[in-house]
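Novice: Provided herewith is a single structure, encoded as structure tokens, for subsequent inquiry.
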Amino acid sequence: MRTQSYKSIFIFIIILSLTGALCGQELHSRWDELVASDWQKALKLSDSTCILPVGILEKHGPHVPIGSDLIQVREWAARATKKEYAVVFPDYFYGQINEARHQPGTFALPEHVVWDLLEATCDEIARNGFKKILIINGHGGNPELLKYFIQTRLEKQRDYAVYFFQPSSDSAYQKKMDALHKSDQSGDMHAGERETSSLLYLRPDLVKMDSASNESGANQKRLNIPNVYTAIWWYADFPNHYAGDGSKATKELGQMINEHLIEQLVAALKAVKADTKTLALQKEFFDRVKK
């Protein structure tokens, strides 16, 4: 009898500990990892804030993955939301990348599809209860598109606001950059030392450093029309879709870059969650438009 009693107590303790572990499970931040019964809890904890991480699929020199932009925004969002909760929309790679259509792995959609999909995505995020959408971008060819998209949110009244995270640097950050960066910083734009370092820190298993010097990332300077912008400028300068020298990359530089950016993202996320003015000002604006 005593043995049976001990066994019952032991089983009860195990069940109790498992129940406690399940109750203590953290609320997932990724939209696709949440269960429907936790949706209202996620809306409340996030202050109805959703992060939309936008990347692209494009060649990144001969040595870092095609999804480098996606990988970076995915990691930034995942690490930031461990410190400040928000719901993170699944990987979104439907941006502007026409300039790399001559390279393998590039996924470039027609311009109207890119626009309509972004608008429909934001509308659907809002329909699911989110009043604030914070876009974080990992692709250098997207900012003009994203800024114009946000400006056009004033075309008609909506019950949500879109924000665009734009990290910045200061003298302290630049001093650290100067100490760790080895190549010419002015030419380090795409798959070069900075971006390769970032991937060495975030996903070293995907980086092939022995291939970083197989192609040139130097500016070819094949087109120079003063004070004029043209669509072919990037291809003219960087036909290999590689700008910089990835062979100089280090994990240490990548860690510094990412920690600085994630710190700023956490601060921006806190500010967006606390923001009560943007939606109120949008309503005020449209009330005046209707008069």
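In the structure tokens, the first chain shown is A, the next is B, and so on; residue numbers restart at 1 for each chain, and ligands run from 1 in the order shown.
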Residues near segment 157-167 of chain A, anyone? I mean within 10 Å using only C-alpha atoms, not counting same-chain ones fewer than 3 positions away, as JSON, numbers by chain.
Specialist: {"A": [48, 49, 50, 51, 52, 122, 123, 125, 126, 127, 129, 130, 131, 132, 133, 134, 135, 136, 137, 143, 146, 147, 149, 150, 151, 153, 154, 260, 261, 262, 263, 264, 265, 268, 269, 272, 278, 279, 282, 283, 285, 286, 287, 289]}
Novice: I need the chosen residues saved as a short mmCIF file (atom, residue, chain, number, x, y, z; two decimals), in the first residue's frame, with C-alpha atoms.
Specialist:
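Dumped to selection-v6.cif:
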```
data_model
loop_
_atom_site.label_atom_id
_atom_site.label_comp_id
_atom_site.auth_asym_id
_atom_site.auth_seq_id
_atom_site.Cartn_x
_atom_site.Cartn_y
_atom_site.Cartn_z
CA SER A 48 -2.21 45.93 -31.15
CA THR A 49 1.23 46.27 -32.77
CA CYS A 50 2.48 44.05 -35.58
CA ILE A 51 5.96 44.03 -37.11
CA LEU A 52 6.12 43.50 -40.86
CA CYS A 122 -1.46 45.73 -44.32
CA ASP A 123 -5.24 45.74 -44.67
CA ILE A 125 -3.07 42.65 -40.67
CA ALA A 126 -5.39 45.45 -39.55
CA ARG A 127 -8.51 43.34 -40.09
CA GLY A 129 -7.03 43.56 -34.91
CA PHE A 130 -3.73 45.39 -35.28
CA LYS A 131 -3.88 49.19 -35.24
CA LYS A 132 -0.13 49.76 -35.64
CA ILE A 133 2.09 48.16 -38.28
CA LEU A 134 5.84 48.68 -37.94
CA ILE A 135 7.75 47.89 -41.13
CA ILE A 136 11.38 46.88 -40.77
CA ASN A 137 13.33 46.61 -44.00
CA PRO A 143 13.03 52.46 -48.88
CA LEU A 146 8.04 51.91 -48.59
CA LYS A 147 8.13 55.65 -47.91
CA PHE A 149 3.54 53.57 -49.76
CA ILE A 150 3.27 55.06 -46.27
CA GLN A 151 2.61 58.54 -47.68
CA ARG A 153 -1.95 55.87 -46.55
CA LEU A 154 -3.37 59.41 -46.47
CA HIS A 260 23.19 48.41 -32.16
CA LEU A 261 20.32 47.96 -34.61
CA ILE A 262 18.30 45.67 -32.34
CA GLU A 263 18.69 48.10 -29.44
CA GLN A 264 17.25 50.85 -31.63
CA LEU A 265 14.47 48.57 -32.87
CA ALA A 268 11.27 52.19 -31.65
CA LEU A 269 8.91 49.32 -30.85
CA VAL A 272 5.17 52.78 -31.37
CA THR A 278 -0.62 59.10 -34.78
CA LEU A 279 -4.07 57.52 -35.07
CA GLN A 282 -4.93 60.75 -38.80
CA LYS A 283 -8.56 61.00 -37.69
CA PHE A 285 -6.72 65.03 -40.72
CA PHE A 286 -9.53 63.11 -42.40
CA ASP A 287 -12.21 64.97 -40.45
CA VAL A 289 -10.54 66.52 -45.48
#
```
Novice: Quick one: everything within 12 Å of Thr196 of chain A, counting only C-alpha atoms, minus sequence neighbours fewer than 2 positions away in the same chain. Send it as number ranges by chain.
Specialist: A: 60-65, 68-69, 72, 181, 188-194, 198-204, 206-209, 211-212, 242-255, 257-258
Novice: Limited to C-alpha atoms, could you put the picked residues into a file as a compact mmCIF listing (two decimals), in the first residue's frame?
Specialist:
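Okay, selection_19.txt is ready:
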```
# COMPACT_ATOMS: atom_id res chain seq x y z
CA HIS A 60 24.32 38.63 -52.48
CA GLY A 61 27.69 38.34 -54.12
CA PRO A 62 29.11 34.83 -54.55
CA HIS A 63 29.27 34.07 -50.82
CA VAL A 64 26.22 35.00 -48.74
CA PRO A 65 22.68 33.57 -49.13
CA SER A 68 20.24 37.52 -46.63
CA ASP A 69 17.84 40.47 -46.32
CA GLN A 72 18.42 39.73 -41.15
CA HIS A 181 35.80 47.92 -40.41
CA ASP A 188 30.48 48.88 -48.76
CA MET A 189 26.86 48.66 -49.92
CA HIS A 190 25.74 45.15 -50.87
CA ALA A 191 27.15 41.80 -49.69
CA GLY A 192 30.28 43.68 -48.67
CA GLU A 193 32.07 43.71 -45.35
CA ARG A 194 29.15 44.99 -43.25
CA SER A 198 26.10 40.53 -40.14
CA LEU A 199 25.46 37.11 -41.66
CA LEU A 200 28.62 35.72 -40.05
CA TYR A 201 27.10 36.72 -36.72
CA LEU A 202 23.49 35.68 -37.39
CA ARG A 203 23.90 32.61 -39.64
CA PRO A 204 27.56 31.64 -40.07
CA LEU A 206 25.19 29.91 -44.58
CA VAL A 207 28.25 32.02 -45.41
CA LYS A 208 30.95 30.79 -47.82
CA MET A 209 33.88 33.04 -47.03
CA SER A 211 34.02 32.44 -52.30
CA ALA A 212 33.94 36.10 -51.27
CA TYR A 242 28.03 42.84 -55.37
CA ALA A 243 29.22 46.13 -53.88
CA GLY A 244 32.10 45.99 -51.44
CA ASP A 245 34.57 43.40 -50.20
CA GLY A 246 32.98 40.59 -48.23
CA SER A 247 36.30 38.86 -47.71
CA LYS A 248 37.14 41.38 -44.97
CA ALA A 249 34.10 40.48 -42.88
CA THR A 250 34.29 39.43 -39.22
CA LYS A 251 31.80 38.10 -36.72
CA GLU A 252 32.85 40.84 -34.29
CA LEU A 253 31.76 43.58 -36.70
CA GLY A 254 28.50 41.74 -37.33
CA GLN A 255 27.77 41.49 -33.64
CA ILE A 257 26.12 46.14 -36.08
CA ASN A 258 23.28 43.86 -35.03
```
Novice: When you look at Pro239 of chain A with a cut-off of 9 Å (counting only C-alpha atoms), what residues show up, excluding the ones that are within fewer than 6 positions of it in the same chain? I need them as a list in words.
Specialist: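 Selected residues are Ala100, His102, Gly217, Asn219 and Gln220 of chain A.
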Novice: Mind listing the strand (DSSP E) residues of segment 50-267 of chain A, per DSSP on the backbone, as JSON, numbers by chain?
Specialist: {"A": [50, 51, 52, 53, 54, 87, 88, 132, 133, 134, 135, 136, 137, 161, 162, 163, 164]}
Novice: Using N, CA and C atoms, can you write the selected residues to a file as a tab-separated table (two decimals), in the first residue's frame?
Specialist:
```
chain	number	residue	atom	x	y	z
A	50	CYS	N	1.94	45.16	-34.78
A	50	CYS	CA	2.48	44.05	-35.58
A	50	CYS	C	3.71	44.53	-36.35
A	51	ILE	N	4.76	43.75	-36.32
A	51	ILE	CA	5.96	44.03	-37.11
A	51	ILE	C	5.85	43.33	-38.45
A	52	LEU	N	6.08	44.08	-39.52
A	52	LEU	CA	6.12	43.50	-40.86
A	52	LEU	C	7.56	43.55	-41.35
A	53	PRO	N	8.29	42.43	-41.28
A	53	PRO	CA	9.69	42.42	-41.72
A	53	PRO	C	9.77	42.19	-43.23
A	54	VAL	N	10.30	43.15	-43.94
A	54	VAL	CA	10.34	43.08	-45.40
A	54	VAL	C	11.77	42.87	-45.88
A	87	VAL	N	3.66	41.17	-32.25
A	87	VAL	CA	3.44	40.04	-33.15
A	87	VAL	C	4.22	40.29	-34.43
A	88	VAL	N	4.89	39.27	-34.93
A	88	VAL	CA	5.73	39.40	-36.13
A	88	VAL	C	5.08	38.66	-37.29
A	132	LYS	N	-1.45	49.19	-35.34
A	132	LYS	CA	-0.13	49.76	-35.64
A	132	LYS	C	0.72	48.71	-36.34
A	133	ILE	N	1.24	49.07	-37.50
A	133	ILE	CA	2.09	48.16	-38.28
A	133	ILE	C	3.46	48.80	-38.42
A	134	LEU	N	4.47	48.16	-37.88
A	134	LEU	CA	5.84	48.68	-37.94
A	134	LEU	C	6.62	47.89	-38.98
A	135	ILE	N	6.97	48.55	-40.07
A	135	ILE	CA	7.75	47.89	-41.13
A	135	ILE	C	9.23	48.00	-40.82
A	136	ILE	N	9.92	46.87	-40.84
A	136	ILE	CA	11.38	46.88	-40.77
A	136	ILE	C	11.89	46.30	-42.08
A	137	ASN	N	12.88	46.96	-42.65
A	137	ASN	CA	13.33	46.61	-44.00
A	137	ASN	C	14.80	46.18	-44.01
A	161	ALA	N	-2.36	52.60	-38.55
A	161	ALA	CA	-1.23	53.44	-38.97
A	161	ALA	C	-0.05	52.55	-39.32
A	162	VAL	N	0.73	53.00	-40.30
A	162	VAL	CA	1.93	52.27	-40.72
A	162	VAL	C	3.16	53.12	-40.36
A	163	TYR	N	4.12	52.48	-39.73
A	163	TYR	CA	5.36	53.14	-39.33
A	163	TYR	C	6.53	52.46	-40.05
A	164	PHE	N	7.59	53.20	-40.28
A	164	PHE	CA	8.77	52.66	-40.97
A	164	PHE	C	9.99	52.85	-40.08
```
Novice: Please return, as a PyMOL selection string, all residues of segment 41-237 of chain A that DSSP assigns to alpha helix (DSSP H) on the basis of the backbone.
Specialist: chain A and resi 41-45+68-80+111-127+143-151+171-180+193-202+233-237
Novice: At what distance in Å, to one decimal, does atom CA of Ile225 of chain A lie from atom CA of Ser186 of chain A?
Specialist: 19.9 Å
Novice: What lies within 10 Å of Trp233 of chain A using only C-alpha atoms, ignoring chain neighbours under 5 positions off, as a ChimeraX atom specification?
Specialist: /A:99,221-225,228,238-239
